[in-house]
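As C-alpha cells, the structure follows; a few thoughts come after it.
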Amino acid sequence: MRLSYILSGAGIAALALCSAAQAAIIFDTGVTSLTAGDPTQLGRLTRNGVPSDWSTNKAFPGVTNANTSVHYRTYLIDALAFGTPFIQINVDDPMAAIFVSAYLDSYTPNPVPANRGLDINYRGDDGSTGNPFTDPGFFQVVIPTGHKLVLVINDPSTNNAGLGKNFDVLVEGFTDTMFTDPTPEPASILLAGAGLGCLALIRLRRKRGPVAS
Amino acid sequence: MFPRRPKFSRTSLVAVGAFVAIASLPIFAQQSDDLSDSAKQQIAEILKHKQSFSDGERKLSSHLAFASRFSRVQPSRSISRLLDTSRISARGMVEVDIKGDVDESLLGLIVAVGGEVQSSSVEHGLVRATLPLRALERVAQSSQVGSIQDADPMILNSTLPRESGIRVTGMPKPPMLADRPAVARVRKPRELPLLAANGAMPSLSSWFSLRGLSFFVGALTSQGYISHTANQVVNMGINGTGVKVGVLSDSASAARVAALMASGDLGPGTTVLPGLGSSGTDEGTAMMEIVQDLAPGAQIFFATANGGQAAMAANIASLAAAGCTIIVDDITYLAEAAFQDGPIAQAVNTFVAAGGLYFSSAGNSGNLTDGTSGTWEGDFVDGGAVSGPIATLGETGEFHSFGASLFDSLTALSSFISLKWSDPQNGSGNDYDLFITNSTGATVKGFSAASQTGTQSPFEAIQQGSGCGTAMPMGYCPSVGDRIYIVLFSGAARALRVDTNRGRLSIATAGATFGHNGGQNTITLAATAWNSAHAGTRPFTGFANPVEFFSSDGPRKIFLNPNGTAITPGNVLFGTNGGTTFQKPDLTAADGVSAKTPGFLPFFGTSAAAPHAAAIAALVKAANPALTGPQIRQILINTSLDNMAVGPDRDGGYGIIMAKAAVLAALTP
C-alpha cells in the first residue's frame with residue numbers, strides 16, 4: 001500500500017516534469033552511427049517508398065537481399081509509460097545510410113526463409129532511406145499500453161556502406177492523432193504538485209509511525 | 001646617372017585612360033559567342049525561315065510556326081530534329097491558347113476549321129482550343145487573332161522527395177533510396193479497417209475497441225497543426241466556423257473526397273463546385289485536408305485550376321460567388337506574364353478588392369540564397385552582332401551578354417526554359433529569340449524564334465521533347481552544361497527574364513516567383529519543413545526554421561499595369577529603376593506534412609505551405625469577423641516569426657505565420 005503510494009506519487013511528478021521539459025519526445029538515439037560491432041541479420045526489409053502512418057496498418061513489405069548479412073541495432077522503448085500509443089519516429093539520416101523500422105515488444109531475426117523472421121511483430125517502417133530534401137523523414141505506428149516499441153535500425157547496403165555514418169532518430173509519443181502531448185503544460189504543473197503532495201504525505205506518515213487499523 | 005624618368009602631364013594621362021576605355025568597349029561588345037560554325041549555320045537557317053514567315057505564321061509561337069510550315073514544306077534535317085511532333089496528336093490536332101478579340105465569329109471559325117473550343121473568356125481575350133495543325137495559319141490570319149501559342153503548361157507546386165532526392169552538402173544529389181520508388185507515387189488507397197484483414201495482431205485492435213478507441217483512426221493530421229500553434233487556437237474554441245475557404249488545384253475527385261469525408265479527414269460540408277472537380281493527382285484534396293486540420297470549423301470549397309489561365313481566373317470568381325472569403329491555390333502557369341498582371345492575377349485583384357484574402361504558393365524553383373536559383377533577370381546588354389554564317393545571311397540581331405559571357409548554362413536539368421521581357425502582353429513589338437546549344441556551343445539543341453510584331457506576347461519557350469534518352473529523341477533533350485543564348489532579333493532593349501522552371505543556372509539571380517503567385521494582392525507563401533529545426537513536433541521558433549532550398553524567392557518586379565501601359569512611362573528596365581517592386585514572398589508556412597490523399601505522405605512544396613496559411617487566416621477571421629482583408633493580412637505579417645534574414649527578406653518574407661499570436665492580435669481591441 002505504502003509502496004504503491006510512493007510509486008504513484010513519484011511517477012506522477014516525474015511524468016509531469018518530464019513532459020513539461022521534453023514535450024512529446026520519449027526517446028532520442030542522439031547522433032550516432034552503426035558500427036561493425038553491431039549484430040548482423042540475413043536480409044532486410046524492402047523499402048517500398050511508403051512510410052507507415054496512423055491511419056492504416058502497413059502491410060509487411062517483404063525482404064530484400066535475403067542471403068546478405070547486414071548490421072542492425074535495436075532500441076527497446078517502453079513507449080506507453082506515459083499513455084502515448086501514437087508513436088511518430090523522426091529519422092534524421094543526412095547520409096542516406098540507414099533504414100528504420102518498428103516492432104512490437106521484440107525483434108527476432110532468424111535464418112528461416114522466406115522472411116527471415118522480419119515479419120514477426122512487424123509494425124511499420126520509413127519506406128525509404130535518407131532525408132527528404134534536407135529535412136528528417138518520419139513514419140508513424142501505434143503501440144498500445146502495456147507493450148513496448150522496438151526500434152530497429154539497419155544498414156541497407158550490401159557492403160557495409162552504412163557503417164560509421166551519423167544519424168539521429170527521435171521518437172515522439174502522443175495521446176491521439178492530433179499530436180496531443182501526454183500532459184499539457186498547466187496540467188503538468190498540477191500533476192507535479194499532486195505528486196509531490198503525495199510524497200510529502202507519505203513522508204509525514206512515516207515520521208508519525210504506523211497507524212493502528 | 002639614373003635614366004631620366006619620363007614626365008606625363010595630367011592631360012595626357014586622362015587621354016590615355018580614355019583611349020584605353022574606349023578601345024575596350026568594342027572588345028566587350030564583341031564578346032566571343034563561342035559557337036561552332038555548324039551551330040551558327042543552324043541558327044542562320046532558323047532565322048532565315050523566320051524572315052520569310054507569312055502574316056499568319058508571325059502570330060504563331062515558334063513551335064507552332066515551324067511545325068505548321070514543316071507540315072507543308074520538307075524541312076532540313078538539322079531543324080526537323082529540333083521539333084517535338086509528339087505534341088501533335090495522331091489526328092493532326094494541337095492544343096493551343098488563342099489570344100485576341102473573342103466573340104462568336106472567332107469561336108465559329110475555330111469550329112469551322114475542324115477545331116474544338118475547350119474554354120473561352122471574352123474578358124481576358126483568351127480561347128483554349130484544339131486545332132488541326134493544317135488550319136493554324138488560317139485561324140491566325142484572322143484580324144481578331146493576336147497570337148496563337150502552344151497550350152500554356154500548368155504545374156503544381158508540390159514536390160515529392162523521390163523526385164528531388166536528398167541533398168548532401170558538397171555532393172551531387174543522389175536519388176532518394178527506395179527499392180521500389182514507383183510505388184511511392186501511386187500508393188494504392190487502403191481503407192479501414194486493416195488489422196483484422198491481415199490478422200497480424202488482432203489483440204491490439206481488440207485492446208483498443210474494448211476501450212472505445214479506434215486502433216487505426218482513418219484521419220491524419222498535418223504536423224503544421226502544432227508547428228503553427230493552431231491547436232492552441234482550436235483549444236480556445238476558435239476553429240474557423242462561419243468562414244468559407246476556397247481551394248484551387250488540379251483536381252479533387254469525387255471518390256477521393258468521399259473517402260476522406262468518411263475517414264474524417266474532410267468535413268461534412270466539403271463542397272466541390274459542380275463540374276469543377278476535374279481529374280489529376282487529387283492534390284486539391286491534400287490541400288483541403290490541411291485546411292481542415294487547422295481550421296476544422298471552416299467550410300471548404302474546391303474548384304479546379306485546370307484548363308488554362310482564363311479558366312482558372314473564372315474559377316476564382318466562381319469560388320467567390322460561392323461565398324468564399326479566403327481562397328488558396330498552388331498552381332503556376334508557365335506562360336503567365338512576369339512583368340505584368342495576367343488574367344489570373346487580375347482575377348485575384350478583383351477578389352481582394354471585394355474584401356477577400358488570396359493565398360498562393362511561391363513556387364519550387366529555388367532561391368539564390370541556397371544556390372538553387374534557376375532564374376536570371378536583368379536588362380538586355382548588347383553583346384555584339386550575331387556573326388559568321390548568320391550575318392552572311394543578312395541577319396542583324398544582337399546577342400545578349402550575361403556579363404561574363406554571351407550565354408548562361410544549365411547546372412541542373414530543366415524541362416521548360418522560357419524567356420520573357422518587359423513588353424505588354426499581346427502587344428510586344430520587340431522581337432527576342434531563344435537558343436540552346438550543347439555545352440561546347442557546337443550544336444543547336446533547341447530554339448524558340450517566334451515573331452513579335454505588335455500583337456503577340458513577349459514570350460519564347462523551349463519545352464523538353466520526347467524520347468529523350470532513347471535512340472529516337474524528338475525536340476530538346478536537356479543536359480547539364482547546355483548553353484542558353486538570347487538574341488534580340490529586332491527592336492529595343494528590355495528587361496529580360498530567363499526561367500528554367502526548377503532547373504539551375506550558372507549565372508543566376510533572385511526573383512523566382514512570378515505571375516499571380518507573386519502578385520501584389522496575393523499573399524505569397526514560402527515553405528519550411530515542419531521539422532526543419534530537427535526537434536520534433538513543436539511550435540516553430542523562427543530562425544531555426546529556414547525555408548526549403550527549393551522554395552522560390554522574390555522579390556517581384558513588374559513594369560506594366562494590367563492594361564499594358566508602363567508603370568513608369570518610358571522606363572521598363574531594371575537598371576534605371578523602372579516599374580515597381582513587391583516584397584515577395586510574404587510569409588512562410590509548413591511543408592513536409594502528413595496528408596492521407598495517396599501520394600502526399602509526406603506533402604512537400606510550397607503547395608503544402610499555402611493551405612496552412614489560408615487556414616490560419618480563417619481562424620483569424622472567425623475570431624473577429626469584423627476585420628477586413630487588409631487588416632487580417634497586416635495582423636498575419638505583424639505576428640509572424642522572422643526566420644531568415646532579420647526583417648522582411650526575399651526568401652521567407654516577413655516570417656512564419658503563427659496562428660495563436662495572430663488570433664490573439666485579432667481579439668485585441
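Each chain in the C-alpha cells gets a letter, A, B, ..., in the order shown, and its residues are numbered from 1; ligands are numbered from 1 in order too.
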
Could you pull out the strand (DSSP E or B) residues of range 34-99 of chain A from DSSP and send them as an NGL selection string?
-> :A and (40-45 or 63-77 or 86-92 or 99)

Just want the 10 Å neighbourhood of range 116-119 of chain A, counted on only C-alpha atoms, with same-chain residues fewer than 5 positions away dropped. Output as a PDB file with all heavy atoms, in the first residue's frame.
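To be explicit, this is the file written out as around.pdb:
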ATOM      1  N   GLN A  41      22.130  -9.663 -39.391  1.00  0.00           N
ATOM      2  CA  GLN A  41      20.975 -10.497 -39.730  1.00  0.00           C
ATOM      3  C   GLN A  41      21.061 -10.808 -41.217  1.00  0.00           C
ATOM      4  O   GLN A  41      21.794 -10.149 -41.962  1.00  0.00           O
ATOM      5  CB  GLN A  41      19.678  -9.747 -39.429  1.00  0.00           C
ATOM      6  CG  GLN A  41      19.517  -8.497 -40.309  1.00  0.00           C
ATOM      7  CD  GLN A  41      18.294  -7.667 -39.964  1.00  0.00           C
ATOM      8  OE1 GLN A  41      18.083  -7.336 -38.801  1.00  0.00           O
ATOM      9  NE2 GLN A  41      17.512  -7.334 -40.967  1.00  0.00           N
ATOM     10  N   LEU A  42      20.291 -11.786 -41.637  1.00  0.00           N
ATOM     11  CA  LEU A  42      20.232 -12.097 -43.058  1.00  0.00           C
ATOM     12  C   LEU A  42      19.071 -11.335 -43.691  1.00  0.00           C
ATOM     13  O   LEU A  42      17.928 -11.464 -43.257  1.00  0.00           O
ATOM     14  CB  LEU A  42      20.038 -13.600 -43.275  1.00  0.00           C
ATOM     15  CG  LEU A  42      21.268 -14.474 -43.059  1.00  0.00           C
ATOM     16  CD1 LEU A  42      20.908 -15.943 -43.209  1.00  0.00           C
ATOM     17  CD2 LEU A  42      22.375 -14.095 -44.033  1.00  0.00           C
ATOM     18  N   GLY A  43      19.376 -10.544 -44.705  1.00  0.00           N
ATOM     19  CA  GLY A  43      18.347  -9.794 -45.402  1.00  0.00           C
ATOM     20  C   GLY A  43      17.880  -8.601 -44.599  1.00  0.00           C
ATOM     21  O   GLY A  43      18.279  -8.391 -43.445  1.00  0.00           O
ATOM     22  N   ARG A  44      17.051  -7.819 -45.223  1.00  0.00           N
ATOM     23  CA  ARG A  44      16.461  -6.653 -44.555  1.00  0.00           C
ATOM     24  C   ARG A  44      15.106  -6.369 -45.194  1.00  0.00           C
ATOM     25  O   ARG A  44      14.766  -6.926 -46.247  1.00  0.00           O
ATOM     26  CB  ARG A  44      17.361  -5.429 -44.695  1.00  0.00           C
ATOM     27  CG  ARG A  44      17.602  -5.041 -46.150  1.00  0.00           C
ATOM     28  CD  ARG A  44      18.153  -3.634 -46.291  1.00  0.00           C
ATOM     29  NE  ARG A  44      18.500  -3.339 -47.674  1.00  0.00           N
ATOM     30  CZ  ARG A  44      17.632  -2.949 -48.604  1.00  0.00           C
ATOM     31  NH1 ARG A  44      16.348  -2.834 -48.298  1.00  0.00           N
ATOM     32  NH2 ARG A  44      18.025  -2.687 -49.836  1.00  0.00           N
ATOM     33  N   LEU A  45      14.365  -5.467 -44.589  1.00  0.00           N
ATOM     34  CA  LEU A  45      13.053  -5.105 -45.123  1.00  0.00           C
ATOM     35  C   LEU A  45      13.200  -4.425 -46.483  1.00  0.00           C
ATOM     36  O   LEU A  45      14.147  -3.666 -46.708  1.00  0.00           O
ATOM     37  CB  LEU A  45      12.314  -4.140 -44.187  1.00  0.00           C
ATOM     38  CG  LEU A  45      11.905  -4.677 -42.817  1.00  0.00           C
ATOM     39  CD1 LEU A  45      11.193  -3.584 -42.025  1.00  0.00           C
ATOM     40  CD2 LEU A  45      10.979  -5.880 -42.976  1.00  0.00           C
ATOM     41  N   ALA A  59       1.193  -3.036 -44.576  1.00  0.00           N
ATOM     42  CA  ALA A  59       1.452  -4.457 -44.785  1.00  0.00           C
ATOM     43  C   ALA A  59       2.954  -4.742 -44.789  1.00  0.00           C
ATOM     44  O   ALA A  59       3.753  -3.869 -45.167  1.00  0.00           O
ATOM     45  CB  ALA A  59       0.844  -4.900 -46.111  1.00  0.00           C
ATOM     46  N   PHE A  60       3.320  -5.923 -44.362  1.00  0.00           N
ATOM     47  CA  PHE A  60       4.726  -6.302 -44.351  1.00  0.00           C
ATOM     48  C   PHE A  60       5.284  -6.158 -45.774  1.00  0.00           C
ATOM     49  O   PHE A  60       4.736  -6.729 -46.725  1.00  0.00           O
ATOM     50  CB  PHE A  60       4.874  -7.749 -43.870  1.00  0.00           C
ATOM     51  CG  PHE A  60       6.304  -8.213 -43.806  1.00  0.00           C
ATOM     52  CD1 PHE A  60       7.176  -7.683 -42.872  1.00  0.00           C
ATOM     53  CD2 PHE A  60       6.773  -9.175 -44.696  1.00  0.00           C
ATOM     54  CE1 PHE A  60       8.495  -8.103 -42.811  1.00  0.00           C
ATOM     55  CE2 PHE A  60       8.086  -9.603 -44.636  1.00  0.00           C
ATOM     56  CZ  PHE A  60       8.952  -9.065 -43.696  1.00  0.00           C
ATOM     57  N   PRO A  61       6.373  -5.397 -45.952  1.00  0.00           N
ATOM     58  CA  PRO A  61       6.826  -5.074 -47.314  1.00  0.00           C
ATOM     59  C   PRO A  61       7.668  -6.152 -47.968  1.00  0.00           C
ATOM     60  O   PRO A  61       8.023  -6.036 -49.145  1.00  0.00           O
ATOM     61  CB  PRO A  61       7.662  -3.807 -47.096  1.00  0.00           C
ATOM     62  CG  PRO A  61       8.210  -3.964 -45.715  1.00  0.00           C
ATOM     63  CD  PRO A  61       7.150  -4.680 -44.925  1.00  0.00           C
ATOM     64  N   GLY A  62       8.040  -7.195 -47.233  1.00  0.00           N
ATOM     65  CA  GLY A  62       8.885  -8.236 -47.809  1.00  0.00           C
ATOM     66  C   GLY A  62      10.354  -8.040 -47.467  1.00  0.00           C
ATOM     67  O   GLY A  62      10.727  -7.077 -46.796  1.00  0.00           O
ATOM     68  N   VAL A  63      11.165  -8.967 -47.932  1.00  0.00           N
ATOM     69  CA  VAL A  63      12.585  -8.981 -47.585  1.00  0.00           C
ATOM     70  C   VAL A  63      13.427  -8.844 -48.852  1.00  0.00           C
ATOM     71  O   VAL A  63      13.123  -9.451 -49.881  1.00  0.00           O
ATOM     72  CB  VAL A  63      12.957 -10.280 -46.850  1.00  0.00           C
ATOM     73  CG1 VAL A  63      14.459 -10.358 -46.589  1.00  0.00           C
ATOM     74  CG2 VAL A  63      12.182 -10.364 -45.532  1.00  0.00           C
ATOM     75  N   ALA A  66      17.996 -11.365 -49.192  1.00  0.00           N
ATOM     76  CA  ALA A  66      17.734 -12.304 -48.094  1.00  0.00           C
ATOM     77  C   ALA A  66      18.947 -13.130 -47.710  1.00  0.00           C
ATOM     78  O   ALA A  66      18.987 -13.708 -46.612  1.00  0.00           O
ATOM     79  CB  ALA A  66      16.578 -13.232 -48.484  1.00  0.00           C
ATOM     80  N   ASN A  67      19.935 -13.206 -48.576  1.00  0.00           N
ATOM     81  CA  ASN A  67      21.120 -14.003 -48.253  1.00  0.00           C
ATOM     82  C   ASN A  67      22.331 -13.151 -47.894  1.00  0.00           C
ATOM     83  O   ASN A  67      23.438 -13.661 -47.772  1.00  0.00           O
ATOM     84  CB  ASN A  67      21.462 -14.919 -49.432  1.00  0.00           C
ATOM     85  CG  ASN A  67      20.357 -15.933 -49.677  1.00  0.00           C
ATOM     86  OD1 ASN A  67      19.802 -16.501 -48.717  1.00  0.00           O
ATOM     87  ND2 ASN A  67      19.987 -16.119 -50.927  1.00  0.00           N
ATOM     88  N   TYR A 103       8.925  -2.455 -34.347  1.00  0.00           N
ATOM     89  CA  TYR A 103       8.363  -3.761 -33.993  1.00  0.00           C
ATOM     90  C   TYR A 103       7.691  -3.664 -32.627  1.00  0.00           C
ATOM     91  O   TYR A 103       7.987  -2.761 -31.821  1.00  0.00           O
ATOM     92  CB  TYR A 103       9.462  -4.825 -33.986  1.00  0.00           C
ATOM     93  CG  TYR A 103       9.881  -5.229 -35.380  1.00  0.00           C
ATOM     94  CD1 TYR A 103      10.714  -4.398 -36.134  1.00  0.00           C
ATOM     95  CD2 TYR A 103       9.421  -6.409 -35.957  1.00  0.00           C
ATOM     96  CE1 TYR A 103      11.073  -4.741 -37.430  1.00  0.00           C
ATOM     97  CE2 TYR A 103       9.787  -6.760 -37.252  1.00  0.00           C
ATOM     98  CZ  TYR A 103      10.607  -5.922 -37.983  1.00  0.00           C
ATOM     99  OH  TYR A 103      10.954  -6.253 -39.266  1.00  0.00           O
ATOM    100  N   TYR A 107      12.158  -8.157 -31.361  1.00  0.00           N
ATOM    101  CA  TYR A 107      12.642  -8.260 -32.740  1.00  0.00           C
ATOM    102  C   TYR A 107      13.454  -9.541 -32.830  1.00  0.00           C
ATOM    103  O   TYR A 107      14.432  -9.708 -32.088  1.00  0.00           O
ATOM    104  CB  TYR A 107      13.507  -7.044 -33.064  1.00  0.00           C
ATOM    105  CG  TYR A 107      14.060  -7.028 -34.478  1.00  0.00           C
ATOM    106  CD1 TYR A 107      13.208  -6.996 -35.587  1.00  0.00           C
ATOM    107  CD2 TYR A 107      15.434  -6.997 -34.704  1.00  0.00           C
ATOM    108  CE1 TYR A 107      13.720  -6.960 -36.875  1.00  0.00           C
ATOM    109  CE2 TYR A 107      15.949  -6.952 -35.998  1.00  0.00           C
ATOM    110  CZ  TYR A 107      15.079  -6.937 -37.078  1.00  0.00           C
ATOM    111  OH  TYR A 107      15.584  -6.901 -38.356  1.00  0.00           O
ATOM    112  N   THR A 108      13.048 -10.440 -33.714  1.00  0.00           N
ATOM    113  CA  THR A 108      13.664 -11.768 -33.722  1.00  0.00           C
ATOM    114  C   THR A 108      14.076 -12.193 -35.126  1.00  0.00           C
ATOM    115  O   THR A 108      13.473 -13.082 -35.730  1.00  0.00           O
ATOM    116  CB  THR A 108      12.681 -12.808 -33.148  1.00  0.00           C
ATOM    117  OG1 THR A 108      11.439 -12.707 -33.875  1.00  0.00           O
ATOM    118  CG2 THR A 108      12.436 -12.579 -31.680  1.00  0.00           C
ATOM    119  N   PRO A 109      15.107 -11.569 -35.664  1.00  0.00           N
ATOM    120  CA  PRO A 109      15.585 -12.022 -36.977  1.00  0.00           C
ATOM    121  C   PRO A 109      16.129 -13.446 -36.857  1.00  0.00           C
ATOM    122  O   PRO A 109      16.715 -13.806 -35.829  1.00  0.00           O
ATOM    123  CB  PRO A 109      16.696 -11.023 -37.315  1.00  0.00           C
ATOM    124  CG  PRO A 109      17.146 -10.472 -36.007  1.00  0.00           C
ATOM    125  CD  PRO A 109      15.941 -10.477 -35.114  1.00  0.00           C
ATOM    126  N   ASN A 110      15.905 -14.241 -37.870  1.00  0.00           N
ATOM    127  CA  ASN A 110      16.386 -15.622 -37.836  1.00  0.00           C
ATOM    128  C   ASN A 110      16.658 -16.090 -39.263  1.00  0.00           C
ATOM    129  O   ASN A 110      16.275 -15.423 -40.228  1.00  0.00           O
ATOM    130  CB  ASN A 110      15.379 -16.530 -37.113  1.00  0.00           C
ATOM    131  CG  ASN A 110      14.030 -16.535 -37.813  1.00  0.00           C
ATOM    132  OD1 ASN A 110      13.963 -16.784 -39.015  1.00  0.00           O
ATOM    133  ND2 ASN A 110      12.965 -16.264 -37.067  1.00  0.00           N
ATOM    134  N   PRO A 111      17.263 -17.232 -39.409  1.00  0.00           N
ATOM    135  CA  PRO A 111      17.629 -17.673 -40.770  1.00  0.00           C
ATOM    136  C   PRO A 111      16.488 -18.317 -41.542  1.00  0.00           C
ATOM    137  O   PRO A 111      16.672 -18.743 -42.686  1.00  0.00           O
ATOM    138  CB  PRO A 111      18.742 -18.713 -40.524  1.00  0.00           C
ATOM    139  CG  PRO A 111      19.047 -18.668 -39.076  1.00  0.00           C
ATOM    140  CD  PRO A 111      17.866 -18.092 -38.382  1.00  0.00           C
TER     141      PRO A 111
ATOM    142  N   ALA B 200      -2.679  -9.683 -38.437  1.00  0.00           N
ATOM    143  CA  ALA B 200      -1.344  -9.639 -37.834  1.00  0.00           C
ATOM    144  C   ALA B 200      -1.397  -9.600 -36.317  1.00  0.00           C
ATOM    145  O   ALA B 200      -0.720 -10.362 -35.656  1.00  0.00           O
ATOM    146  CB  ALA B 200      -0.599  -8.425 -38.357  1.00  0.00           C
TER     147      ALA B 200
END

Hey, what's within 12 Å of Val91 in chain A if we count only C-alpha atoms and toss same-chain stuff fewer than 5 positions away? As number ranges by chain, please?
-> A: 28-31, 51, 96-101, 125-132, 134-140, 151-153, 166-172; B: 531, 534-536

Spatial neighbours of range 77-91 of chain B, 10 Å, only C-alpha atoms, chain gap at least 4 places, as a ChimeraX atom specification | /B:38-39,41-43,45-46,62-64,66-67,70,95,130-133,150,443-447,463-467,472-477

Let's have the selection written as a CSV table (one decimal), in the first residue's frame, with N, CA, C and O atoms.
chain,number,residue,atom,x,y,z
B,38,SER,N,29.0,25.3,-87.4
B,38,SER,CA,27.8,24.5,-87.7
B,38,SER,C,26.6,24.9,-86.9
B,38,SER,O,25.4,25.0,-87.4
B,39,ALA,N,26.8,25.3,-85.6
B,39,ALA,CA,25.8,25.8,-84.8
B,39,ALA,C,25.3,27.2,-85.4
B,39,ALA,O,24.0,27.4,-85.4
B,41,GLN,N,25.4,28.0,-88.4
B,41,GLN,CA,24.6,27.7,-89.6
B,41,GLN,C,23.2,27.3,-89.3
B,41,GLN,O,22.3,27.7,-90.0
B,42,GLN,N,23.1,26.5,-88.2
B,42,GLN,CA,21.7,26.1,-87.8
B,42,GLN,C,20.9,27.3,-87.4
B,42,GLN,O,19.7,27.4,-87.8
B,43,ILE,N,21.5,28.2,-86.6
B,43,ILE,CA,20.7,29.4,-86.2
B,43,ILE,C,20.4,30.2,-87.4
B,43,ILE,O,19.3,30.8,-87.5
B,45,GLU,N,19.8,29.2,-90.4
B,45,GLU,CA,18.7,28.6,-91.1
B,45,GLU,C,17.4,28.9,-90.4
B,45,GLU,O,16.4,29.2,-91.1
B,46,ILE,N,17.4,28.8,-89.1
B,46,ILE,CA,16.2,29.1,-88.4
B,46,ILE,C,15.7,30.5,-88.6
B,46,ILE,O,14.5,30.8,-88.9
B,62,SER,N,6.8,29.8,-81.8
B,62,SER,CA,7.9,29.3,-82.6
B,62,SER,C,7.6,27.8,-82.9
B,62,SER,O,7.7,27.4,-84.1
B,63,HIS,N,7.2,27.0,-81.9
B,63,HIS,CA,7.0,25.6,-82.2
B,63,HIS,C,5.9,25.4,-83.2
B,63,HIS,O,6.0,24.6,-84.1
B,64,LEU,N,4.8,26.2,-83.0
B,64,LEU,CA,3.6,26.0,-83.9
B,64,LEU,C,4.0,26.5,-85.3
B,64,LEU,O,3.6,25.9,-86.3
B,66,PHE,N,6.9,26.6,-86.9
B,66,PHE,CA,7.8,25.7,-87.6
B,66,PHE,C,7.0,24.3,-87.9
B,66,PHE,O,7.2,23.7,-88.9
B,67,ALA,N,6.2,23.9,-86.9
B,67,ALA,CA,5.5,22.6,-87.1
B,67,ALA,C,4.5,22.8,-88.3
B,67,ALA,O,4.4,21.9,-89.1
B,70,PHE,N,6.5,23.0,-91.6
B,70,PHE,CA,7.1,21.8,-92.0
B,70,PHE,C,6.1,20.7,-92.3
B,70,PHE,O,6.4,19.6,-92.7
B,95,GLU,N,-3.1,21.4,-79.2
B,95,GLU,CA,-3.9,22.1,-78.1
B,95,GLU,C,-3.2,23.5,-78.1
B,95,GLU,O,-2.0,23.6,-77.9
B,130,THR,N,-8.5,23.0,-79.3
B,130,THR,CA,-7.6,22.1,-80.2
B,130,THR,C,-7.9,22.5,-81.6
B,130,THR,O,-9.1,22.7,-82.0
B,131,LEU,N,-6.8,22.6,-82.4
B,131,LEU,CA,-6.9,23.0,-83.8
B,131,LEU,C,-6.2,22.0,-84.6
B,131,LEU,O,-5.1,21.5,-84.2
B,132,PRO,N,-6.6,21.8,-85.9
B,132,PRO,CA,-5.8,21.0,-86.8
B,132,PRO,C,-4.6,21.8,-87.1
B,132,PRO,O,-4.6,23.0,-87.4
B,133,LEU,N,-3.4,21.1,-87.2
B,133,LEU,CA,-2.2,21.7,-87.5
B,133,LEU,C,-2.3,22.5,-88.8
B,133,LEU,O,-1.8,23.6,-88.9
B,150,ASP,N,1.3,27.5,-78.1
B,150,ASP,CA,1.0,26.1,-77.5
B,150,ASP,C,0.3,26.3,-76.2
B,150,ASP,O,0.5,27.3,-75.5
B,443,THR,N,26.5,22.5,-81.2
B,443,THR,CA,25.3,22.1,-81.8
B,443,THR,C,24.1,22.8,-81.2
B,443,THR,O,24.0,22.9,-79.9
B,444,VAL,N,23.2,23.3,-82.0
B,444,VAL,CA,21.9,23.8,-81.5
B,444,VAL,C,21.0,22.7,-81.1
B,444,VAL,O,20.8,21.8,-81.9
B,445,LYS,N,20.5,22.7,-79.9
B,445,LYS,CA,19.7,21.6,-79.4
B,445,LYS,C,18.2,22.1,-79.3
B,445,LYS,O,17.3,21.2,-79.2
B,446,GLY,N,18.0,23.4,-79.2
B,446,GLY,CA,16.6,23.8,-79.1
B,446,GLY,C,16.5,25.3,-79.5
B,446,GLY,O,17.5,26.0,-79.4
B,447,PHE,N,15.3,25.7,-79.9
B,447,PHE,CA,15.2,27.1,-80.2
B,447,PHE,C,13.7,27.5,-80.1
B,447,PHE,O,12.8,26.7,-80.2
B,463,GLN,N,10.4,23.7,-74.6
B,463,GLN,CA,9.9,22.6,-73.8
B,463,GLN,C,10.7,21.3,-74.0
B,463,GLN,O,11.0,21.1,-75.2
B,464,GLN,N,10.9,20.6,-73.0
B,464,GLN,CA,11.6,19.3,-73.2
B,464,GLN,C,10.8,18.4,-74.2
B,464,GLN,O,9.6,18.3,-74.2
B,465,GLY,N,11.5,17.8,-75.1
B,465,GLY,CA,10.9,17.0,-76.1
B,465,GLY,C,10.6,15.6,-75.6
B,465,GLY,O,10.5,15.4,-74.4
B,466,SER,N,10.4,14.7,-76.5
B,466,SER,CA,10.0,13.3,-76.1
B,466,SER,C,11.1,12.4,-76.6
B,466,SER,O,11.9,12.7,-77.4
B,467,GLY,N,11.1,11.2,-75.9
B,467,GLY,CA,12.0,10.2,-76.3
B,467,GLY,C,13.5,10.5,-75.9
B,467,GLY,O,14.4,9.9,-76.4
B,472,MET,N,15.6,7.5,-80.4
B,472,MET,CA,14.8,8.4,-81.2
B,472,MET,C,14.3,9.6,-80.5
B,472,MET,O,13.0,9.8,-80.3
B,473,PRO,N,15.1,10.5,-80.1
B,473,PRO,CA,14.6,11.7,-79.4
B,473,PRO,C,14.0,12.7,-80.3
B,473,PRO,O,14.4,12.7,-81.5
B,474,MET,N,13.1,13.4,-79.9
B,474,MET,CA,12.5,14.5,-80.7
B,474,MET,C,12.4,15.7,-79.9
B,474,MET,O,12.0,15.7,-78.7
B,475,GLY,N,12.9,16.8,-80.4
B,475,GLY,CA,12.9,18.1,-79.7
B,475,GLY,C,14.1,18.2,-78.8
B,475,GLY,O,15.1,17.5,-78.9
B,476,TYR,N,13.9,19.1,-77.8
B,476,TYR,CA,15.0,19.4,-77.0
B,476,TYR,C,15.1,18.4,-75.8
B,476,TYR,O,14.2,18.2,-75.1
B,477,CYS,N,16.3,17.9,-75.7
B,477,CYS,CA,16.6,16.9,-74.6
B,477,CYS,C,17.7,17.6,-73.7
B,477,CYS,O,18.8,17.7,-74.2

Select, from A:Leu34, A:Ile25, A:Ala161, A:Val70, the residue with the minimum atom-to-atom distance to chain B, counting only C-alpha atoms.
-> A:Ile25
